[in-house]
Structure formats: C-alpha cells, structure tokens
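Novice: Dumping the structure here so I can ask a few things about it.
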Amino acid sequence: MREYQGSEIRNIAVVGHGGSGKTSLVDALAFVSGSSKRHGTVGDGTSLTDTAPEEIERGYSINLGCAFAEWMDTKINLLDTPGFLDFQGDAIAGLAAADGALCVVGATAGVEVGTERMFREAVLRGDPVLFVVTMMDKEHADFDGIYQQIKTRLSNKVIPIEVPVGQGADFHGIVNLFDRRAHVYTRAVKTGAYEETDVPAEVQGQFDKYYNELIETVAATDDNLLERYLNGEQISRDEAIAAMKAAMKRMELFPLFCVSSTHNYGTRAVLTHIVELMPSAYEMEEIHAFKGAEGDHTVEIHANDVDPFAAIVFKTQSEPHVGDVSIFRILSGSVRTGDELYNATRDGAEKLNHLAVSQGKDRIEVQRLRAGDIGCVAKLRNTHTNDTLSTRAHPVRLPQIVFPDPLVQMAIHPVNRADEEKVQQGLHRLHDEDPAFETQWNAETHETLISGLGERHLEVALSKLKRKFGVQAELSKPKIAYRETIRARAEGQGRHKKQSGGRGQFGDCWVRFAPTQRGDGIRFEDRIVGGSIPSKFIPAVEKGIHEAAERGVIAGYPLVDFQVELYDGSYHTVDSNEMSFKMAGIQAFKAVAPKCRPVLLEPLDEVEITTPDASLGDVLGDLSSRRGQILGTDVLADVAGTRVRALVPQSELHLYASALQSMTHGRATFRRHFRGYEEMPSDAAQRVVEESQKTHTAEAAH
C-alpha cells in the first residue's frame with residue numbers, strides 16, 4: 001500500500017438509521033475498489049466491519065468500524081457508524097474524525113429517526129453530506145418517494161445525481177445526470193461490471209425532468225454559471241462538478257445517489273463522486289488547538305506534512321490477545337512506525353510500534369502515515385479515547401469529542417461475589433472503549449451503577465463483560481437515595497449507663513432538635529454552660545448523633561437538614577468516657593427524632609425534553625402520571641417542536657428514555673440533571689416505608 005498525501009485522502013463517515021444498509025455499502029465499496037478481496041454480508045456474519053461477536057449475533061453495528069477503498073489514486077477512509085441511537089456515541093466519534101458524511105437511506109424504510117439525527121449532526125459540524133439510497137433491488141423500493149421524503153423531512157436542498165433504471169427486482173442500471181450516460185449492469189455478476197449506453201427510453205422522461213432540475217439548481221449556486229444557463233449556454237460536466245463541490249461545502253446542496261450493495265450496482269459511481277465532490281483532508285479548514293500541556297493559549301493546526309505532528313484518538317478497541325488498539329486521525333504532520341510521541345492530555349510518552357491502517361478486523365502495517373490519514377496502533381501505555389498525540393517539542397491538546405450524555409442507568413452486580421474486582425476493572429475498560437458508557441459507585445445506596453444511551457447499550461456491555469473479561473453480571477433497578485428530615489421541634493434526654501464488675505460506662509446529655517433549610521445538612525451547636533459535660537466529651541455526642549442520623553427514623557434513610565442544640569447533661573468522674581457519650585448521643589437521637597414529625601425526602605431531577613408537536617400531549621400526560629411538575633414550555637421554530645422543562649422524582653424516571661422513544665417514535669430527545677430534594681407525598685412515602693420494612697425483614701431472616 002502506497003503512501004497518500006493529504007490531498008489524496010477522503011475521510012467519510014457512513015451514517016444513517018440501523019438497518020439502512022451502511023455496513024453492506026462499506027463492504028461493497030471496499031470490494032469493488034479492490035481494497036478488500038471478499039464481498040461479505042451482514043446476514044451470514046461475514047461483513048467487513050461488523051466483526052464483534054455481539055454484532056454478528058444481533059445482525060447490526062454496535063461499534064465504529066474502519067475500512068478503506070483505493071479509487072482514482074485516492075484513499076477513501078470509510079468509517080462505518082452504528083445506526084441505532086443506543087450506540088450513537090461511536091457515530092459521533094466517526095463524524096468527528098471525518099471530513100464528510102455518506103448519509104444512507106433504505107429504499108423501502110425511507111427516512112428514519114437515526115437518519116434525521118445523524119444528518120443534522122453532520123450539518124451542525126459543517127460536513128458536506130452525500131445521500132445514498134440503498135437496497136434499490138428490494139421489493140417496494142421507491143427512489144422518487146425516498147427523494148421526496150428526504151426533501152420534506154431533512155432538506156429541500158437535496159438533488160438527484162442519478163436516475164435508477166428499474167426498481168426492486170428489476171433494478172439493473174443507473175443513469176448519471178452529469179455524464180448523461182447509462183450504466184447497465186451485467187445481471188448475476190457481483191463485480192459491479194456494466195455496459196455504458198445511451199439513456200434508455202424507459203427512463204427518458206424521468207431523466208429529462210431531473211437533469212433540468214440538476215443543472216438549474218447547480219447554476220443557481222454560481223452567478224457566472226447562472227448567467228450562462230439563462231443565456232442557453234451548455235454547462236460542462238467539470239464545471240457542474242466544481243460548482244456542486246463548492247455548494248456542498250457551503251451546505252447549499254446535497255447530492256443523491258442510488259445503489260444495490262448486494263449486487264454492487266452503483267457503487268463505482270459512488271466512489272467516483274466521493275473523490276470528485278468530497279473535500280480532501282488538505283482542503284479542510286484549520287483547527288484551533290490548545291498549545292502545551294497547560295493549554296494557556298491556542299495554535300492553528302493545518303493538514304500538511306511539514307507542521308509538527310498532532311493527532312486525536314477517536315476510538316479505542318479492546319481486543320483479546322492484543323490489548324487496547326488506539327485509532328487516531330492525524331490532523332497535521334506525519335508519523336513513522338517506531339516514532340516516540342507525547343500524550344499532552346496525560347503528560348506521558350508513547351512509542352508507536354507496528355503502525356497500521358484498519359481494513360475491518362485486519363490491520364495492515366505501514367511505515368508512514370501523513371497528515372489527514374487515519375491509522376491505528378496497539379498497546380500504548382496510557383492513551384485513551386479523546387487524547388491528543390503530539391510531540392514533546394510542540395505539545396498540543398486538540399478539542400475533545402463531545403459524546404452524548406447517558407440516558408439510562410442500572411445497578412450492576414456480579415453473579416459471583418468473588419468477581420467484584422474483575423467487574424470493576426472490566427467496566428472501566430469498557431468506558432475507555434466507549435465514553436458514552438459510564439460507571440460510578442453510589443456511596444449512599446452502596447451500588448455500582450452503569451449508564452448508557454439505552455437498554456440495548458447496557459445489554460451489550462454485559463455481553464462484552466462476559467466475553468472479554470470472563471465475568472457474569474446482572475442488572476437491576478437502581479436504589480433511590482431517599483433521605484429523611486423533620487418538620488417540628490422537640491427535646492429530650494439521651495442516657496447511657498452500664499455497670500459491669502469493674503469500671504462502668506456513663507454518659508448523659510439533653511438535646512433540642514429543630515428543622516433547618518433544605519440543604520443545610522446537620523448543624524450541631526454546643527450550648528453547655530457550667531461544665532455539666534466536659535468539653536472533651538462534646539465531640540463524642542455529636543459523633544453519636546451523626547451516626548444515628550445515618551440510619552434515619554422512618555425507613556432507614558439518612559436524616560438531614562436539622563439543627564441540634566446540646567444544652568445540658570451530666571457525667572461521672574470515673575465511668576464517663578468518649579464511647580459513653582457517643583452512645584448517649586445515639587440514645588438522644590432515638591428519643592427525640594421520632595417526636596419531630598419526621599418525613600421522607602425524595603431526589604428530583606430537572607428534565608428538559610424536546611419533542612415534535614404531534615407528541616406534545618402524550619409527553620405532558622406522561623409527565624403528569626409520573627408526578628412531574630411542569631416548569632415551562634418553549635416553542636422551537638427551527639425544529640418544529642416544543643421544549644418542555646419539568647421537575648420529576650428520580651423514582652419515576654427509571655427507563656424513561658425508552659418510554660419517551662416509544663411515545664414519540666424516537667424523535668424526542670431529553671436531558672436530565674439533579675435538582676435537589678423535596679418532601680414526598682404521604683401515599684408515595686408510605687409505599688417506600690413498606691418496601692423498606694420488607695427489605696429489612698428479609699435481610700434479618702437471611
């Protein structure tokens with residue numbers, strides 16, 4: 001494999017909804033270009049980029065896959081992204097590493113929610129987008145219908161570049177509007193071979209309609225071309241291509257193609273137009289990076305070989321018998337195998353042994369990679385996703401990829417308690433692979449929690465945990481960190497006296513409890529006068545009250561937001577000690593707290609939901625059923641939707657992401673963050689108390 005300059009490289013993220021044909025398209029593009037020697041399929045588990053056992057078993061992409069096609073003296077790096085929203089983190093990483101997007105739409109399913117999400121993400125990043133209608137050989141394929149769907153639901157700036165010859169089982173060719181020639185494919189031959197002919201009579205009317213629309217649309221993007229078009233002059237193919245490329249970069253046009261990946265019909269034309277229309281790495285705008293490990297100012301990064309080396313790791317994969325494989329995009333400079341680099345993110349040196357490029361699960365070793373290319377290397381010591389590799393002489397930190405926030409949270413428990421440490425190590429490794437998967441220890445509920453973008457995301461994490469790290473684990477609904485507080489004042493005595501043969505124990509204290517503001521915690525005030533309790537024993541009383549407060553009064557949850565006044569007591573010169581007064585503090589809490597009208601507090605999250613207007617009533621009704629308090633609604637003109645803000649108890653939000661997707665057909669998004677604690681309604685509190693009593697009874701019996 002030869003070395004490619006930045007001007008000879010195209011980095012393309014292949015995006016779209018799950019099941020739209022992205023992986024099959026990548027496989028076909030690599031195969032017809034000759035870069036891959038076999039044409040695999042998703043159905044039989046032999047596709048180029050779906051190689052993980054979880055992907056083969058389920059039949060859809062879970063991880064970001066890397067491949068390449070060499071075409072017209074150009075290297076096209078193809079980043080096959082997952083389509084289901086549960087694995088959107090890897091799709092975001094793919095877009096971040098690419099300079100353009102191939103947005104795939106199935107010819108029968110049409111525009112789906114994953115297509116909408118990733119198209120808008122690409123546009124938001126300023127990436128040129130090329131649409132491809134796949135599965136044109138399937139029954140009920142409808143090119144014109146899909147074109148209108150894209151125009152209505154995604155962008156009215158989409159424009160066909162090709163017209164299919166036949167559809168469904170009769171799909172056997174394409175007419176290229178730029179060339180005004182037809183490619184009629186040889187049936188039953190899967191190499192993509194075709195015969196070039198004049199426009200078939202059966203599609204002449206469709207060709208004329210779309211050709212006029214194409215030329216008029218392209219001419220409108222350039223004043224010079226528009227003047228020539230209005231004067232009746234002919235616009236050449238090269239002029240139209242150049243104008244379209246410029247318009248794509250300005251987000252003014254989105255060309256549309258059609259293919260059958262199964263038969264490799266149309267794939268050569270897609271490769272040709274990727275080279276002609278998509279920007280090279282060299283053409284992309286500069287990036288502003290933080291200079292130095294401290295990042296006190298910024299520096300421009302340009303995609304050329306002469307500048308100092310800088311690359312970002314956008315994906316980490318853990319492979320059995322290999323370890324972690326870091327996949328990186330070079331933003332400037334070049335690198336050779338064996339070079340020593342500097343990780344400015346973690347302030348450490350790394351040596352790049354066995355520099356390679358990925359072709360699916362295979363890694364092809366190379367001696368050198370230049371600016372704009374994508375490579376990988378195994379067994380770096382301490383480099384992870386979102387780290388910047390540069391040089392010690394010119395250290396920089398590139399802007400990090402912003403991954404989506406987790407939406408679903410579950411508690412995880414090892415099936416075998418002896419595997420607790422292995423589970424923790426495995427979870428941290430999974431987070432390194434996929435930053436959208438998070439893990440944390442909840443000290444209040446004493447549970448390990450894992451968070452992801454959906455239920456499937458967490459199920460796959462369990463599968464990886466078992467396969468890669470040899471441990472089985474189970475998921476359960478997370479416990480809610482309830483708290484307790486008081487609503488009234490009271491006072492009383494705590495007395496601890498114990499006599500046994502020799503030296504005894506004696507502690508005596510009088511305390512007053514009073515409620516305080518939410519969030520104040522526990523405030524302890526020493527009001528002892530006259531030395532009724534020696535000052536050295538007073539911290540022990542406070543410690544005892546704090547310890548007792550952790551176990552609560554009603555349901556075993558910590559009691560918070562109250563004030564304690566220690567105002568009197570007594571001691572024994574021989575029998576009193578710190579332990580005695582700690583026990584007296586515990587007894588004082590048990591005597592006084594129940595008299596203070598204790599209540600349960602529940603944690604609330606502030607939820608922000610963006611929903612299509614058609615689903616607004618369902619969303620509001622559902623929030624009401626979850627005891628949600630609506631804070632406000634805002635009409636969003638740019639996305640034809642409404643933003644809803646509400647306070648909702650955490651106990652009512654378990655698996656809310658799944659319910660919201662079901663209600664809105666996947667078109668709503670939401671964010672949540674902790675807002676605080678509020679008193680729980682009595683009926684809901686009673687259910688929590690009863691559940692807590694059952695749990696304590698079961699634990700005692702066990």
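Within each chain, counting starts at residue 1; across the structure tokens, chains are named A, B, ... in the order shown, with ligands numbered 1 upward in that order.
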Excluding Gln472 (chain A) and any residue of its chain fewer than 6 positions from it, enumerate the residues within 9 Å of it, using only C-alpha atoms, and give them as a PyMOL selection string.
Specialist: chain A and resi 413-416+419+423+462-463+465-466
Novice: Going by DSSP on the backbone, which bits of region 355-538 of chain A are strand (DSSP E or B)? Write them as a PyMOL selection string, please.
Specialist: chain A and resi 356-359+362-365+368-369+374-378+388-390+396-397+408-414+438-442+447-452+473-476+483-486+490-498+505-515+522-526
Novice: Where does DSSP see alpha helix (DSSP H) in region 243-372 of chain A, if you list the residues as a PyMOL selection string?
Specialist: chain A and resi 243-249+267-277
Novice: Those selected residues, please, written with C-alpha atoms and delivered as an mmCIF file, in the first residue's frame.
Specialist:
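Just written: out-v9.cif:
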```
data_model
loop_
_atom_site.group_PDB
_atom_site.id
_atom_site.type_symbol
_atom_site.label_atom_id
_atom_site.label_comp_id
_atom_site.auth_asym_id
_atom_site.auth_seq_id
_atom_site.Cartn_x
_atom_site.Cartn_y
_atom_site.Cartn_z
ATOM 1 C CA ALA A 243 -19.868 24.181 -8.673
ATOM 2 C CA MET A 244 -21.593 21.369 -6.806
ATOM 3 C CA LYS A 245 -18.497 20.667 -4.677
ATOM 4 C CA ALA A 246 -18.327 24.344 -3.683
ATOM 5 C CA ALA A 247 -22.056 24.409 -2.914
ATOM 6 C CA MET A 248 -21.797 21.238 -0.809
ATOM 7 C CA LYS A 249 -19.091 22.844 1.294
ATOM 8 C CA THR A 267 -21.099 1.517 -6.089
ATOM 9 C CA ARG A 268 -18.386 2.514 -8.574
ATOM 10 C CA ALA A 269 -20.261 5.734 -9.332
ATOM 11 C CA VAL A 270 -20.470 6.495 -5.597
ATOM 12 C CA LEU A 271 -16.701 6.000 -5.238
ATOM 13 C CA THR A 272 -16.053 8.288 -8.205
ATOM 14 C CA HIS A 273 -18.257 11.045 -6.841
ATOM 15 C CA ILE A 274 -16.772 10.771 -3.335
ATOM 16 C CA VAL A 275 -13.395 11.543 -4.913
ATOM 17 C CA GLU A 276 -14.809 14.358 -7.075
ATOM 18 C CA LEU A 277 -17.238 16.011 -4.652
#
```
Novice: Would you pick out the contacts of Glu438 (chain A) at 7 Å or less, using only C-alpha atoms, so that residues sharing its chain but fewer than 5 positions from it are not included, and give the list as an MDAnalysis selection string?
Specialist: chainID A and resid 431 450:452
Novice: Can you pull out every residue within 12 Å of Met680 (chain A), counting only C-alpha atoms, but drop anything in the same chain fewer than 3 positions away, and send it as an NGL selection string?
Specialist: :A and (482-485 or 598-604 or 627 or 648-651 or 677 or 683-689)
Novice: Find the nearest atom pair between each residue of region 156-184 of chain A and region 132-150 of chain A for residues within 7 Å, count only C-alpha atoms, give distances in Å to one decimal, sort rows by chain and ascending number, and present the table as JSON lines.
Specialist:
```
{"residue": "A:Gln167", "atom": "CA", "partner": "A:Met136", "partner_atom": "CA", "distance": 6.0}
{"residue": "A:Gly168", "atom": "CA", "partner": "A:Asp137", "partner_atom": "CA", "distance": 4.1}
{"residue": "A:Ala169", "atom": "CA", "partner": "A:Asp137", "partner_atom": "CA", "distance": 5.2}
{"residue": "A:Phe171", "atom": "CA", "partner": "A:Asp137", "partner_atom": "CA", "distance": 5.5}
```
Novice: Between CA of Asp634 (chain A) and CA of Ala646 (chain A), measure the distance and give it in Å to one decimal.
Specialist: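 If I compute the distance from CA of Asp634 (chain A) to CA of Ala646 (chain A), I get 12.0 Å.
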Novice: As an exercise, work out the distance from CA of Asp73 (chain A) to CA of Ser332 (chain A) in Å and give it to one decimal place.
Specialist: 21.2 Å
Novice: Give me, as a PDB file with N, CA and C atoms, in the first residue's frame, all polymer residues having an atom no more than 12 Å from Val322 (chain A), counting only C-alpha atoms and skipping those fewer than 4 positions away in the same chain.
Specialist:
```
ATOM      1  N   GLN A 317     -10.340   0.288  21.014  1.00  0.00           N
ATOM      2  CA  GLN A 317     -10.947  -1.038  20.985  1.00  0.00           C
ATOM      3  C   GLN A 317     -10.093  -2.000  21.793  1.00  0.00           C
ATOM      4  N   SER A 318     -10.746  -2.797  22.619  1.00  0.00           N
ATOM      5  CA  SER A 318     -10.043  -3.814  23.400  1.00  0.00           C
ATOM      6  C   SER A 318     -10.199  -5.149  22.685  1.00  0.00           C
ATOM      7  N   SER A 326      -5.618   1.727  19.647  1.00  0.00           N
ATOM      8  CA  SER A 326      -5.983   3.142  19.555  1.00  0.00           C
ATOM      9  C   SER A 326      -6.094   3.540  18.082  1.00  0.00           C
ATOM     10  N   ARG A 363      -5.454  -5.566  10.301  1.00  0.00           N
ATOM     11  CA  ARG A 363      -4.613  -4.376  10.388  1.00  0.00           C
ATOM     12  C   ARG A 363      -3.431  -4.557   9.443  1.00  0.00           C
ATOM     13  N   VAL A 377      -2.796   1.830  16.260  1.00  0.00           N
ATOM     14  CA  VAL A 377      -1.621   1.233  16.882  1.00  0.00           C
ATOM     15  C   VAL A 377      -2.070   0.547  18.160  1.00  0.00           C
ATOM     16  N   ALA A 378      -1.449  -0.572  18.476  1.00  0.00           N
ATOM     17  CA  ALA A 378      -1.837  -1.355  19.653  1.00  0.00           C
ATOM     18  C   ALA A 378      -0.868  -1.115  20.805  1.00  0.00           C
ATOM     19  N   LYS A 379      -1.370  -1.377  21.993  1.00  0.00           N
ATOM     20  CA  LYS A 379      -0.563  -1.467  23.216  1.00  0.00           C
ATOM     21  C   LYS A 379       0.142  -0.170  23.593  1.00  0.00           C
ATOM     22  N   LEU A 380      -0.530   0.966  23.446  1.00  0.00           N
ATOM     23  CA  LEU A 380       0.011   2.191  24.029  1.00  0.00           C
ATOM     24  C   LEU A 380      -0.160   2.112  25.542  1.00  0.00           C
ATOM     25  N   LYS A 468     -15.093 -10.592  27.093  1.00  0.00           N
ATOM     26  CA  LYS A 468     -13.732 -10.063  27.136  1.00  0.00           C
ATOM     27  C   LYS A 468     -13.045 -10.248  28.486  1.00  0.00           C
TER      28      LYS A 468
END
```
Novice: Near region 346-360 of chain A, counting only C-alpha atoms, which residues have an atom at most 9 Å away, once you skip same-chain residues fewer than 4 positions from it, shown as number ranges by chain?
Specialist: A: 30, 35-36, 47-51, 65-68, 293, 327, 335-342, 364-369, 374-383, 387-389, 391-392
Novice: Compile the contact shell of region 403-405 of chain A as a VMD selection string: residues with an atom at most 10 Å away, counting only C-alpha atoms, same-chain residues fewer than 4 positions apart removed.
Specialist: chain A and resid 87 to 93 434 to 438 451 to 453 670 to 672
Novice: Considering only C-alpha atoms, tabulate each residue of region 85-121 of chain A that lies at most 8 Å from region 304-314 of chain A along with its nearest interatomic pair and the corresponding distance in Å to one decimal; arrange the rows by chain and ascending residue number and present them as CSV.
Specialist:
```
residue,atom,partner,partner_atom,distance
A:Ala93,CA,A:Phe314,CA,5.8
A:Gly94,CA,A:Phe314,CA,7.6
A:Ala96,CA,A:Phe314,CA,7.7
A:Ala97,CA,A:Phe314,CA,6.8
```
Novice: Which one is closest to Glu455 (chain A): A:Gly569, A:Gln661, A:Asn212, A:Pro53? Count only C-alpha atoms.
Specialist: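 Ranking A:Gly569, A:Gln661, A:Asn212, A:Pro53 by distance to Glu455 (chain A), first place goes to A:Gln661.
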Novice: What does the structure give for the distance between CA of Met410 (chain A) and CA of Asp618 (chain A), in Å to one decimal?
Specialist: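 Computed distance, CA of Met410 (chain A) to CA of Asp618 (chain A), equals 25.5 Å.
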Novice: So, with only C-alpha atoms as the atoms that count, which of A:Val14, A:Val299, A:Leu475, A:Leu253 lies closest to Ala220 (chain A)?
Specialist: A:Leu253
Novice: Looking at A:Thr633, A:Thr221, A:Ser682, A:Thr516, which one is nearest to Ile241 (chain A), with distances taken over only C-alpha atoms?
Specialist: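 Looking at the shortest contact to Ile241 (chain A), the residue is A:Thr221.
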Novice: Between A:Lys422, A:Lys37, A:Arg117, A:His654, which residue has the minimum interatomic distance to Ser476 (chain A), considering only C-alpha atoms?
Specialist: A:His654
